[in-house]
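The next block holds one structure in the form of structure tokens; read it before the comments.
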Amino acid sequence: MHVDLGNALDTTPGLTEETLDRLDSRVADAHDRIASGMADDEFGYAALNLPETADPDAIRAATDRFDRPEAVLTVGIGGSALGAATLSNALESDVDAYFLDNVDPDAVGSLLDDLPIDDTVVNVVSKSGTTAETLANFLVVREAMVEAGVDWTERTLVTTGEEGNLRALADAHDLPALDVPDGVPGRFSVLSTVGLAVPALQGHDIEAILVGGRDGMEDLSGSLFESPAYAYGAATYALAERGALTNAVMPYAESLETFAEWFAQLWAESLGKDGLGQTPARALGATDQHSQLQLYRAGPPDKLVSLIRPTERAETAIPETDLDGLAYLGGSSLGDLLDAEFEATEASLAAAGVPNVRVEVDRVDERSLGELLYAMEAACVLYGELASVSTFTQPAVEWGKKAARGLLGGGNFPEADAVADKRELRIDGA
Ligand SMILES: O=P(O)(O)OC[C@H]1O[C@](O)(CO)[C@@H](O)[C@@H]1O
């Protein structure tokens, strides 16, 4: 993996090489703190040990019993679904993967209509084992399995913490259960049982994913000039300090579109604390050149763009044409066109003085994905150290959970009472 900060220098907002030199001593101190946290397997920092502590054999022992199902349905939300979805959507497999990470009844109904439920493994994932959306969806899916005459206890894999409703369910029905690693927040758990069970069920090389994570681990050093992950974390932090409060993550590969969604949770839930943070915007190249790029280039100077691409990709020749004005396309390839658009967008942003950072992986395969995911986790942890925020907690999400639970009669919560106090200013349509 490579990071190029050249287009973040002397932009608006922008960095200078002197800024980065001054910041490097703080990066060294932050790295010492991170290394110490990793050495002691401290809460949160333990996530950065996963390339060495994850146990692929335990994952395979749980998944191999489900002999090449037609489909795998993951029921989870946030970090309990996005890591697996990132890996699954980036890699090809003849085992179809479905994800239920919301409780929209139309979407759930449509998915169940499509699902080959009699040859599907249900992978229900929840670190706490109490998340309302996950448990509600699991109960709906389980009923659908029963109605289809499927023995759900034979087709369900549980990944959860030591306590909670899901652990009790697994114990009560002797379900195969994988443990969520201790001290690892969900958004940092892709390189563990949480993120690797689905790729294992889909026949991917989960060991190679962990090798890629180790590649990222080995690149961590006391200097941002020697570590792509720390270069990215330090530059995005310094740009935020200078006003880049939005980070538009724009992969130029459809296979990395879900990665941007995973990154959004990692970045927002880790760094959005104490009035600080950097809003992750999700974009996709080249599609969003015909959409959001207008804002990125000519809107408020309050953002950076992270341009991500694999340096190796499929070609797909563009046939020769005599269509007026389009002959230049003929004989080229879609890959060449996408790369030209990547470089053109990069230069377009630079010409407008908009900071942008290039992140390149060799290709979209298991090892490169493992390295990219690990590097972004390490970048996030470094940013959190530099910003002095509590990277591994997410207290702000609890208020809404209590309000929703209270509204459904799941307990007496003042948050639910506050819902009734909503101020109104209605404008009604005809
Ligand atoms: O794995 P769980 O405990 O169901 O939590 C799912 C997601 O919900 C959160 O706890 C936020 O509510 C995320 O941090 C987490 O990834």
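Identifiers in this document derive from the order of the structure tokens: chains are assigned A, B, ..., residues are numbered from 1 separately in each chain, and ligands are numbered from 1 in order of occurrence.
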
**Asked** Which residues, written as a list in words, have at least one atom at most 9 Å from A:Leu87, with only C-alpha atoms counted and residues fewer than 3 positions away on the same chain left out?
**Response**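 Counting only the stated atoms, we get Leu82, Gly83, Ala84, Ala90, Leu91, Val190, Gly195, Leu196, Val198, Pro199, Ser255, Leu256, Thr258, Phe259, Glu366, Leu369 and Gly370 of chain A.
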
Output N, CA and C atoms for every residue in that selection, as a PDB file, in the first residue's frame.
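Listed below is the output, out_27.pdb:
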```pdb
ATOM      1  N   LEU A  82     -20.358  -4.562   8.644  1.00  0.00           N
ATOM      2  CA  LEU A  82     -19.676  -3.804   7.580  1.00  0.00           C
ATOM      3  C   LEU A  82     -18.324  -4.388   7.184  1.00  0.00           C
ATOM      4  N   GLY A  83     -17.615  -4.987   8.147  1.00  0.00           N
ATOM      5  CA  GLY A  83     -16.317  -5.563   7.782  1.00  0.00           C
ATOM      6  C   GLY A  83     -16.491  -6.748   6.859  1.00  0.00           C
ATOM      7  N   ALA A  84     -17.400  -7.634   7.245  1.00  0.00           N
ATOM      8  CA  ALA A  84     -17.663  -8.811   6.404  1.00  0.00           C
ATOM      9  C   ALA A  84     -18.201  -8.378   5.050  1.00  0.00           C
ATOM     10  N   ALA A  90     -15.931  -7.089  -2.082  1.00  0.00           N
ATOM     11  CA  ALA A  90     -14.703  -6.801  -2.843  1.00  0.00           C
ATOM     12  C   ALA A  90     -14.199  -8.027  -3.583  1.00  0.00           C
ATOM     13  N   LEU A  91     -14.633  -9.216  -3.167  1.00  0.00           N
ATOM     14  CA  LEU A  91     -14.084 -10.470  -3.710  1.00  0.00           C
ATOM     15  C   LEU A  91     -15.180 -11.280  -4.383  1.00  0.00           C
ATOM     16  N   VAL A 190     -12.884  -6.238  11.892  1.00  0.00           N
ATOM     17  CA  VAL A 190     -12.967  -6.956  10.612  1.00  0.00           C
ATOM     18  C   VAL A 190     -11.942  -8.087  10.524  1.00  0.00           C
ATOM     19  N   GLY A 195     -15.359 -10.410  11.155  1.00  0.00           N
ATOM     20  CA  GLY A 195     -15.284 -10.077   9.729  1.00  0.00           C
ATOM     21  C   GLY A 195     -14.889 -11.240   8.846  1.00  0.00           C
ATOM     22  N   LEU A 196     -14.318 -12.298   9.426  1.00  0.00           N
ATOM     23  CA  LEU A 196     -13.711 -13.339   8.583  1.00  0.00           C
ATOM     24  C   LEU A 196     -14.578 -14.583   8.386  1.00  0.00           C
ATOM     25  N   VAL A 198     -17.630 -14.809   7.136  1.00  0.00           N
ATOM     26  CA  VAL A 198     -18.292 -14.770   5.823  1.00  0.00           C
ATOM     27  C   VAL A 198     -17.308 -15.083   4.697  1.00  0.00           C
ATOM     28  N   PRO A 199     -16.126 -14.425   4.641  1.00  0.00           N
ATOM     29  CA  PRO A 199     -15.185 -14.813   3.587  1.00  0.00           C
ATOM     30  C   PRO A 199     -14.777 -16.283   3.676  1.00  0.00           C
ATOM     31  N   SER A 255     -15.436  -2.477  -6.463  1.00  0.00           N
ATOM     32  CA  SER A 255     -15.205  -3.508  -5.436  1.00  0.00           C
ATOM     33  C   SER A 255     -14.868  -2.883  -4.081  1.00  0.00           C
ATOM     34  N   LEU A 256     -14.551  -1.595  -4.045  1.00  0.00           N
ATOM     35  CA  LEU A 256     -14.213  -0.916  -2.787  1.00  0.00           C
ATOM     36  C   LEU A 256     -15.297   0.051  -2.341  1.00  0.00           C
ATOM     37  N   THR A 258     -18.103  -0.596  -0.754  1.00  0.00           N
ATOM     38  CA  THR A 258     -18.523  -0.889   0.631  1.00  0.00           C
ATOM     39  C   THR A 258     -17.425  -0.537   1.622  1.00  0.00           C
ATOM     40  N   PHE A 259     -16.173  -0.612   1.171  1.00  0.00           N
ATOM     41  CA  PHE A 259     -15.044  -0.176   2.019  1.00  0.00           C
ATOM     42  C   PHE A 259     -15.291   1.251   2.501  1.00  0.00           C
ATOM     43  N   GLU A 366      -7.270 -10.667  -1.398  1.00  0.00           N
ATOM     44  CA  GLU A 366      -7.349 -10.854   0.053  1.00  0.00           C
ATOM     45  C   GLU A 366      -6.221 -10.122   0.779  1.00  0.00           C
ATOM     46  N   LEU A 369      -6.505  -6.277   0.629  1.00  0.00           N
ATOM     47  CA  LEU A 369      -7.639  -5.815   1.438  1.00  0.00           C
ATOM     48  C   LEU A 369      -7.286  -5.842   2.918  1.00  0.00           C
ATOM     49  N   GLY A 370      -6.624  -6.927   3.327  1.00  0.00           N
ATOM     50  CA  GLY A 370      -6.223  -7.006   4.736  1.00  0.00           C
ATOM     51  C   GLY A 370      -5.299  -5.862   5.111  1.00  0.00           C
TER      52      GLY A 370
END
```

**Exercise: A:Ile59 partners within 9 Å, only C-alpha atoms, chain neighbours under 6 positions left out, as a list in words** =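 Listing them by chain and then by number gives Leu178, Ser192, Thr193, Leu196, Ala197 and Ala200 of chain A.
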
Keeping only N, CA and C atoms, write those residues as a PDB file, in the first residue's frame.
```
ATOM      1  N   LEU A 178     -18.834 -18.509  17.550  1.00  0.00           N
ATOM      2  CA  LEU A 178     -17.489 -17.923  17.540  1.00  0.00           C
ATOM      3  C   LEU A 178     -17.462 -16.786  18.554  1.00  0.00           C
ATOM      4  N   SER A 192     -11.059 -10.322  12.431  1.00  0.00           N
ATOM      5  CA  SER A 192     -11.331 -11.274  13.519  1.00  0.00           C
ATOM      6  C   SER A 192     -12.496 -12.169  13.110  1.00  0.00           C
ATOM      7  N   THR A 193     -12.987 -12.979  14.023  1.00  0.00           N
ATOM      8  CA  THR A 193     -14.155 -13.831  13.762  1.00  0.00           C
ATOM      9  C   THR A 193     -15.291 -13.007  13.165  1.00  0.00           C
ATOM     10  N   LEU A 196     -14.318 -12.298   9.426  1.00  0.00           N
ATOM     11  CA  LEU A 196     -13.711 -13.339   8.583  1.00  0.00           C
ATOM     12  C   LEU A 196     -14.578 -14.583   8.386  1.00  0.00           C
ATOM     13  N   ALA A 197     -15.655 -14.730   9.145  1.00  0.00           N
ATOM     14  CA  ALA A 197     -16.497 -15.930   8.980  1.00  0.00           C
ATOM     15  C   ALA A 197     -17.151 -15.951   7.598  1.00  0.00           C
ATOM     16  N   ALA A 200     -14.710 -16.819   4.884  1.00  0.00           N
ATOM     17  CA  ALA A 200     -14.385 -18.253   5.012  1.00  0.00           C
ATOM     18  C   ALA A 200     -15.500 -19.093   4.385  1.00  0.00           C
TER      19      ALA A 200
END
```

Stretch 27-125 of chain A residues near stretch 162-174 of chain A within 12 Å, closest pair each, using only C-alpha atoms, as CSV:
```
residue,atom,partner,partner_atom,distance
A:Val75,CA,A:Leu166,CA,11.8
A:Gly76,CA,A:Leu166,CA,11.6
A:Asn123,CA,A:Leu166,CA,11.6
A:Val124,CA,A:Leu166,CA,8.5
A:Val125,CA,A:Leu166,CA,8.5
```

Write to file, as a PDB file, in the first residue's frame, the residues of the selection just made, with C-alpha atoms.
```pdb
ATOM      1  CA  VAL A  75     -27.637 -10.565  10.446  1.00  0.00           C
ATOM      2  CA  GLY A  76     -25.764  -7.798  12.232  1.00  0.00           C
ATOM      3  CA  ASN A 123     -24.493 -15.795  10.385  1.00  0.00           C
ATOM      4  CA  VAL A 124     -25.842 -13.739  13.278  1.00  0.00           C
ATOM      5  CA  VAL A 125     -23.280 -11.372  14.759  1.00  0.00           C
TER       6      VAL A 125
END
```

Using only C-alpha atoms and all ligand atoms, which residues have at least one atom no more than 8 Å from ligand 1? Output them as a PDB file with N, CA and C atoms, in the first residue's frame.
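For reference, selection_38.pdb as written:
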```
ATOM      1  N   GLY A  76     -26.598  -8.574  11.323  1.00  0.00           N
ATOM      2  CA  GLY A  76     -25.764  -7.798  12.232  1.00  0.00           C
ATOM      3  C   GLY A  76     -25.904  -6.337  11.841  1.00  0.00           C
ATOM      4  N   ILE A  77     -25.225  -5.470  12.534  1.00  0.00           N
ATOM      5  CA  ILE A  77     -25.314  -4.042  12.178  1.00  0.00           C
ATOM      6  C   ILE A  77     -24.020  -3.352  12.562  1.00  0.00           C
ATOM      7  N   GLY A  78     -23.694  -2.252  11.909  1.00  0.00           N
ATOM      8  CA  GLY A  78     -22.457  -1.515  12.194  1.00  0.00           C
ATOM      9  C   GLY A  78     -21.248  -2.405  11.981  1.00  0.00           C
ATOM     10  N   GLY A  79     -20.335  -2.357  12.951  1.00  0.00           N
ATOM     11  CA  GLY A  79     -19.106  -3.129  12.807  1.00  0.00           C
ATOM     12  C   GLY A  79     -19.339  -4.617  12.761  1.00  0.00           C
ATOM     13  N   SER A  80     -20.534  -5.067  13.150  1.00  0.00           N
ATOM     14  CA  SER A  80     -20.818  -6.504  13.123  1.00  0.00           C
ATOM     15  C   SER A  80     -21.254  -6.975  11.748  1.00  0.00           C
ATOM     16  N   ALA A  81     -21.388  -6.038  10.810  1.00  0.00           N
ATOM     17  CA  ALA A  81     -21.755  -6.418   9.438  1.00  0.00           C
ATOM     18  C   ALA A  81     -20.824  -5.799   8.404  1.00  0.00           C
ATOM     19  N   VAL A 125     -24.468 -11.950  14.122  1.00  0.00           N
ATOM     20  CA  VAL A 125     -23.280 -11.372  14.759  1.00  0.00           C
ATOM     21  C   VAL A 125     -23.676 -10.181  15.624  1.00  0.00           C
ATOM     22  N   SER A 126     -23.304 -10.247  16.874  1.00  0.00           N
ATOM     23  CA  SER A 126     -23.509  -9.109  17.766  1.00  0.00           C
ATOM     24  C   SER A 126     -22.569  -9.231  18.953  1.00  0.00           C
ATOM     25  N   LYS A 127     -21.675  -8.283  19.089  1.00  0.00           N
ATOM     26  CA  LYS A 127     -20.716  -8.306  20.199  1.00  0.00           C
ATOM     27  C   LYS A 127     -21.466  -8.249  21.532  1.00  0.00           C
ATOM     28  N   SER A 128     -22.422  -7.343  21.657  1.00  0.00           N
ATOM     29  CA  SER A 128     -23.176  -7.200  22.913  1.00  0.00           C
ATOM     30  C   SER A 128     -24.221  -8.306  23.068  1.00  0.00           C
ATOM     31  N   GLY A 129     -24.743  -8.765  21.909  1.00  0.00           N
ATOM     32  CA  GLY A 129     -25.818  -9.756  21.967  1.00  0.00           C
ATOM     33  C   GLY A 129     -27.160  -9.154  22.315  1.00  0.00           C
ATOM     34  N   THR A 130     -27.234  -7.822  22.337  1.00  0.00           N
ATOM     35  CA  THR A 130     -28.490  -7.168  22.745  1.00  0.00           C
ATOM     36  C   THR A 130     -28.993  -6.160  21.724  1.00  0.00           C
ATOM     37  N   THR A 131     -28.316  -5.977  20.634  1.00  0.00           N
ATOM     38  CA  THR A 131     -28.689  -4.938  19.668  1.00  0.00           C
ATOM     39  C   THR A 131     -30.061  -5.225  19.074  1.00  0.00           C
ATOM     40  N   THR A 134     -30.515  -6.247  15.320  1.00  0.00           N
ATOM     41  CA  THR A 134     -29.979  -7.574  14.993  1.00  0.00           C
ATOM     42  C   THR A 134     -30.869  -8.677  15.536  1.00  0.00           C
ATOM     43  N   THR A 160     -20.574 -13.806  18.961  1.00  0.00           N
ATOM     44  CA  THR A 160     -21.031 -12.880  19.984  1.00  0.00           C
ATOM     45  C   THR A 160     -20.043 -12.836  21.149  1.00  0.00           C
ATOM     46  N   PRO A 185     -13.460  -3.055  19.753  1.00  0.00           N
ATOM     47  CA  PRO A 185     -14.749  -2.450  19.371  1.00  0.00           C
ATOM     48  C   PRO A 185     -15.173  -2.955  17.993  1.00  0.00           C
ATOM     49  N   GLY A 186     -16.472  -3.037  17.756  1.00  0.00           N
ATOM     50  CA  GLY A 186     -16.978  -3.623  16.515  1.00  0.00           C
ATOM     51  C   GLY A 186     -16.377  -3.044  15.256  1.00  0.00           C
ATOM     52  N   ARG A 187     -16.205  -1.728  15.214  1.00  0.00           N
ATOM     53  CA  ARG A 187     -15.696  -1.102  13.990  1.00  0.00           C
ATOM     54  C   ARG A 187     -14.235  -1.428  13.700  1.00  0.00           C
ATOM     55  N   GLU A 269     -17.378   7.120  14.175  1.00  0.00           N
ATOM     56  CA  GLU A 269     -17.653   6.630  15.527  1.00  0.00           C
ATOM     57  C   GLU A 269     -16.407   6.710  16.420  1.00  0.00           C
ATOM     58  N   THR A 393     -14.491   4.389  22.214  1.00  0.00           N
ATOM     59  CA  THR A 393     -15.838   4.340  22.819  1.00  0.00           C
ATOM     60  C   THR A 393     -16.812   5.063  21.891  1.00  0.00           C
ATOM     61  N   GLN A 394     -18.113   4.925  22.167  1.00  0.00           N
ATOM     62  CA  GLN A 394     -19.130   5.573  21.330  1.00  0.00           C
ATOM     63  C   GLN A 394     -20.358   5.936  22.176  1.00  0.00           C
ATOM     64  N   VAL A 397     -24.003   7.281  20.860  1.00  0.00           N
ATOM     65  CA  VAL A 397     -25.031   6.496  20.171  1.00  0.00           C
ATOM     66  C   VAL A 397     -26.030   5.888  21.150  1.00  0.00           C
ATOM     67  N   GLU A 398     -25.739   5.995  22.444  1.00  0.00           N
ATOM     68  CA  GLU A 398     -26.588   5.300  23.424  1.00  0.00           C
ATOM     69  C   GLU A 398     -27.934   5.997  23.648  1.00  0.00           C
ATOM     70  N   LYS A 401     -30.621   4.822  21.321  1.00  0.00           N
ATOM     71  CA  LYS A 401     -30.983   3.424  21.576  1.00  0.00           C
ATOM     72  C   LYS A 401     -31.989   3.336  22.722  1.00  0.00           C
TER      73      LYS A 401
END
```

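Taking only C-alpha atoms, the non-local environment of A:Glu415 within 8 Å (same-chain residues fewer than 4 positions away omitted) comprises A:Trp399, A:Gly400, A:Lys402, A:Ala403, A:Gly406, A:Val419.
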
Since we have the selection now, will you write its residues out, keeping N, CA and C atoms, as an mmCIF file, in the first residue's frame?
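Below is the file again-v4.cif, written as the result:
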```cif
data_model
loop_
_atom_site.group_PDB
_atom_site.id
_atom_site.type_symbol
_atom_site.label_atom_id
_atom_site.label_comp_id
_atom_site.auth_asym_id
_atom_site.auth_seq_id
_atom_site.Cartn_x
_atom_site.Cartn_y
_atom_site.Cartn_z
ATOM 1 N N TRP A 399 -27.950 7.339 23.528
ATOM 2 C CA TRP A 399 -29.177 8.095 23.827
ATOM 3 C C TRP A 399 -30.318 7.586 22.953
ATOM 4 N N GLY A 400 -30.064 7.521 21.657
ATOM 5 C CA GLY A 400 -31.109 7.112 20.716
ATOM 6 C C GLY A 400 -31.564 5.678 20.932
ATOM 7 N N LYS A 402 -31.722 4.130 23.780
ATOM 8 C CA LYS A 402 -32.615 4.096 24.953
ATOM 9 C C LYS A 402 -33.984 4.668 24.581
ATOM 10 N N ALA A 403 -33.983 5.734 23.778
ATOM 11 C CA ALA A 403 -35.260 6.355 23.389
ATOM 12 C C ALA A 403 -36.103 5.353 22.599
ATOM 13 N N GLY A 406 -37.404 2.618 24.831
ATOM 14 C CA GLY A 406 -38.500 3.101 25.680
ATOM 15 C C GLY A 406 -39.790 3.226 24.897
ATOM 16 N N VAL A 419 -38.921 12.328 23.507
ATOM 17 C CA VAL A 419 -39.419 12.256 22.121
ATOM 18 C C VAL A 419 -40.748 12.998 22.022
#
```

**Request:** Run DSSP on the backbone of this structure and report the residues of stretch 189-428 of chain A it assigns to strand (DSSP E or B), as a VMD selection string.
**Result:** chain A and resid 246 to 251 279 to 282 303 to 310 317 333 356 to 361

**Request:** Extract, using only C-alpha atoms, all DNA, RNA and protein residues at most 12 Å from stretch 10-25 of chain A, discarding same-chain residues fewer than 2 positions from it, and format them as number ranges by chain.
**Result:** A: 5-8, 27-32, 221-227, 230-246, 296-305, 349-357, 382-383, 386

**Item:** Residue list (alpha helix (DSSP H), DSSP) for stretch 210-239 of chain A, as a PyMOL selection string
**Value:** chain A and resi 210-218+228-239

**Asked** Can you list, as a PyMOL selection string, every protein, DNA or RNA residue that comes within 12 Å of stretch 310-313 of chain A when you count only C-alpha atoms, leaving out same-chain residues fewer than 2 positions away?
**Response** chain A and resi 1-2+90+251-256+307-308+315-316+333-339+342-343+358-365+368-369+372

With N, CA and C atoms retained, export the selected residues as an mmCIF file, in the first residue's frame.
```cif
data_model
loop_
_atom_site.group_PDB
_atom_site.id
_atom_site.type_symbol
_atom_site.label_atom_id
_atom_site.label_comp_id
_atom_site.auth_asym_id
_atom_site.auth_seq_id
_atom_site.Cartn_x
_atom_site.Cartn_y
_atom_site.Cartn_z
ATOM 1 N N MET A 1 0.857 -1.190 0.000
ATOM 2 C CA MET A 1 0.000 0.000 0.000
ATOM 3 C C MET A 1 0.891 1.237 0.000
ATOM 4 N N HIS A 2 0.441 2.260 -0.723
ATOM 5 C CA HIS A 2 1.227 3.497 -0.765
ATOM 6 C C HIS A 2 0.292 4.666 -0.498
ATOM 7 N N ALA A 90 -15.931 -7.089 -2.082
ATOM 8 C CA ALA A 90 -14.703 -6.801 -2.843
ATOM 9 C C ALA A 90 -14.199 -8.027 -3.583
ATOM 10 N N PRO A 251 -13.182 5.785 -3.593
ATOM 11 C CA PRO A 251 -12.467 4.707 -4.260
ATOM 12 C C PRO A 251 -12.799 4.650 -5.741
ATOM 13 N N TYR A 252 -11.794 4.451 -6.562
ATOM 14 C CA TYR A 252 -11.990 4.249 -8.010
ATOM 15 C C TYR A 252 -11.985 2.754 -8.286
ATOM 16 N N ALA A 253 -12.914 2.061 -7.656
ATOM 17 C CA ALA A 253 -13.115 0.618 -7.877
ATOM 18 C C ALA A 253 -14.456 0.266 -7.240
ATOM 19 N N GLU A 254 -15.362 -0.272 -8.060
ATOM 20 C CA GLU A 254 -16.674 -0.664 -7.503
ATOM 21 C C GLU A 254 -16.480 -1.654 -6.356
ATOM 22 N N SER A 255 -15.436 -2.477 -6.463
ATOM 23 C CA SER A 255 -15.205 -3.508 -5.436
ATOM 24 C C SER A 255 -14.868 -2.883 -4.081
ATOM 25 N N LEU A 256 -14.551 -1.595 -4.045
ATOM 26 C CA LEU A 256 -14.213 -0.916 -2.787
ATOM 27 C C LEU A 256 -15.297 0.051 -2.341
ATOM 28 N N LEU A 307 -8.463 9.734 -2.452
ATOM 29 C CA LEU A 307 -8.635 9.020 -3.729
ATOM 30 C C LEU A 307 -7.919 7.678 -3.624
ATOM 31 N N ILE A 308 -8.686 6.604 -3.775
ATOM 32 C CA ILE A 308 -8.156 5.260 -3.520
ATOM 33 C C ILE A 308 -8.278 4.433 -4.788
ATOM 34 N N GLU A 315 -8.836 -4.972 -17.622
ATOM 35 C CA GLU A 315 -8.712 -4.001 -18.718
ATOM 36 C C GLU A 315 -10.062 -3.765 -19.397
ATOM 37 N N THR A 316 -10.578 -4.743 -20.101
ATOM 38 C CA THR A 316 -11.816 -4.646 -20.901
ATOM 39 C C THR A 316 -11.671 -3.617 -22.021
ATOM 40 N N SER A 333 -9.051 1.047 -23.105
ATOM 41 C CA SER A 333 -9.764 0.059 -22.286
ATOM 42 C C SER A 333 -10.510 0.790 -21.170
ATOM 43 N N LEU A 334 -11.476 0.132 -20.595
ATOM 44 C CA LEU A 334 -12.208 0.730 -19.481
ATOM 45 C C LEU A 334 -11.270 0.994 -18.299
ATOM 46 N N GLY A 335 -10.311 0.083 -18.083
ATOM 47 C CA GLY A 335 -9.342 0.287 -17.003
ATOM 48 C C GLY A 335 -8.505 1.530 -17.237
ATOM 49 N N ASP A 336 -8.062 1.688 -18.506
ATOM 50 C CA ASP A 336 -7.280 2.900 -18.833
ATOM 51 C C ASP A 336 -8.132 4.146 -18.619
ATOM 52 N N LEU A 337 -9.397 4.072 -19.026
ATOM 53 C CA LEU A 337 -10.291 5.228 -18.887
ATOM 54 C C LEU A 337 -10.486 5.558 -17.411
ATOM 55 N N LEU A 338 -10.718 4.541 -16.579
ATOM 56 C CA LEU A 338 -10.945 4.792 -15.147
ATOM 57 C C LEU A 338 -9.698 5.392 -14.504
ATOM 58 N N ASP A 339 -8.525 4.880 -14.909
ATOM 59 C CA ASP A 339 -7.281 5.434 -14.343
ATOM 60 C C ASP A 339 -7.036 6.856 -14.818
ATOM 61 N N PHE A 342 -9.236 8.986 -12.735
ATOM 62 C CA PHE A 342 -8.678 9.119 -11.380
ATOM 63 C C PHE A 342 -7.637 10.247 -11.370
ATOM 64 N N GLU A 343 -6.700 10.165 -12.325
ATOM 65 C CA GLU A 343 -5.613 11.145 -12.343
ATOM 66 C C GLU A 343 -6.121 12.532 -12.715
ATOM 67 N N ARG A 358 -3.652 10.512 -2.138
ATOM 68 C CA ARG A 358 -3.751 9.301 -2.955
ATOM 69 C C ARG A 358 -3.385 8.090 -2.108
ATOM 70 N N VAL A 359 -4.289 7.080 -2.121
ATOM 71 C CA VAL A 359 -4.005 5.805 -1.437
ATOM 72 C C VAL A 359 -4.071 4.713 -2.495
ATOM 73 N N GLU A 360 -2.978 3.980 -2.682
ATOM 74 C CA GLU A 360 -2.961 2.943 -3.723
ATOM 75 C C GLU A 360 -2.634 1.584 -3.104
ATOM 76 N N VAL A 361 -3.414 0.600 -3.500
ATOM 77 C CA VAL A 361 -3.100 -0.795 -3.168
ATOM 78 C C VAL A 361 -2.706 -1.495 -4.453
ATOM 79 N N ASP A 362 -1.980 -2.609 -4.336
ATOM 80 C CA ASP A 362 -1.502 -3.279 -5.552
ATOM 81 C C ASP A 362 -2.676 -3.760 -6.400
ATOM 82 N N ARG A 363 -3.620 -4.445 -5.749
ATOM 83 C CA ARG A 363 -4.786 -4.990 -6.437
ATOM 84 C C ARG A 363 -5.865 -5.244 -5.382
ATOM 85 N N VAL A 364 -7.090 -5.561 -5.816
ATOM 86 C CA VAL A 364 -8.137 -5.877 -4.838
ATOM 87 C C VAL A 364 -8.176 -7.391 -4.666
ATOM 88 N N ASP A 365 -7.354 -7.877 -3.764
ATOM 89 C CA ASP A 365 -7.371 -9.309 -3.421
ATOM 90 C C ASP A 365 -7.273 -9.418 -1.904
ATOM 91 N N SER A 368 -4.207 -7.601 -0.154
ATOM 92 C CA SER A 368 -4.246 -6.134 -0.222
ATOM 93 C C SER A 368 -5.396 -5.560 0.600
ATOM 94 N N LEU A 369 -6.505 -6.277 0.629
ATOM 95 C CA LEU A 369 -7.639 -5.815 1.438
ATOM 96 C C LEU A 369 -7.286 -5.842 2.918
ATOM 97 N N LEU A 372 -5.075 -2.859 3.569
ATOM 98 C CA LEU A 372 -5.812 -1.578 3.511
ATOM 99 C C LEU A 372 -6.661 -1.396 4.769
#
```
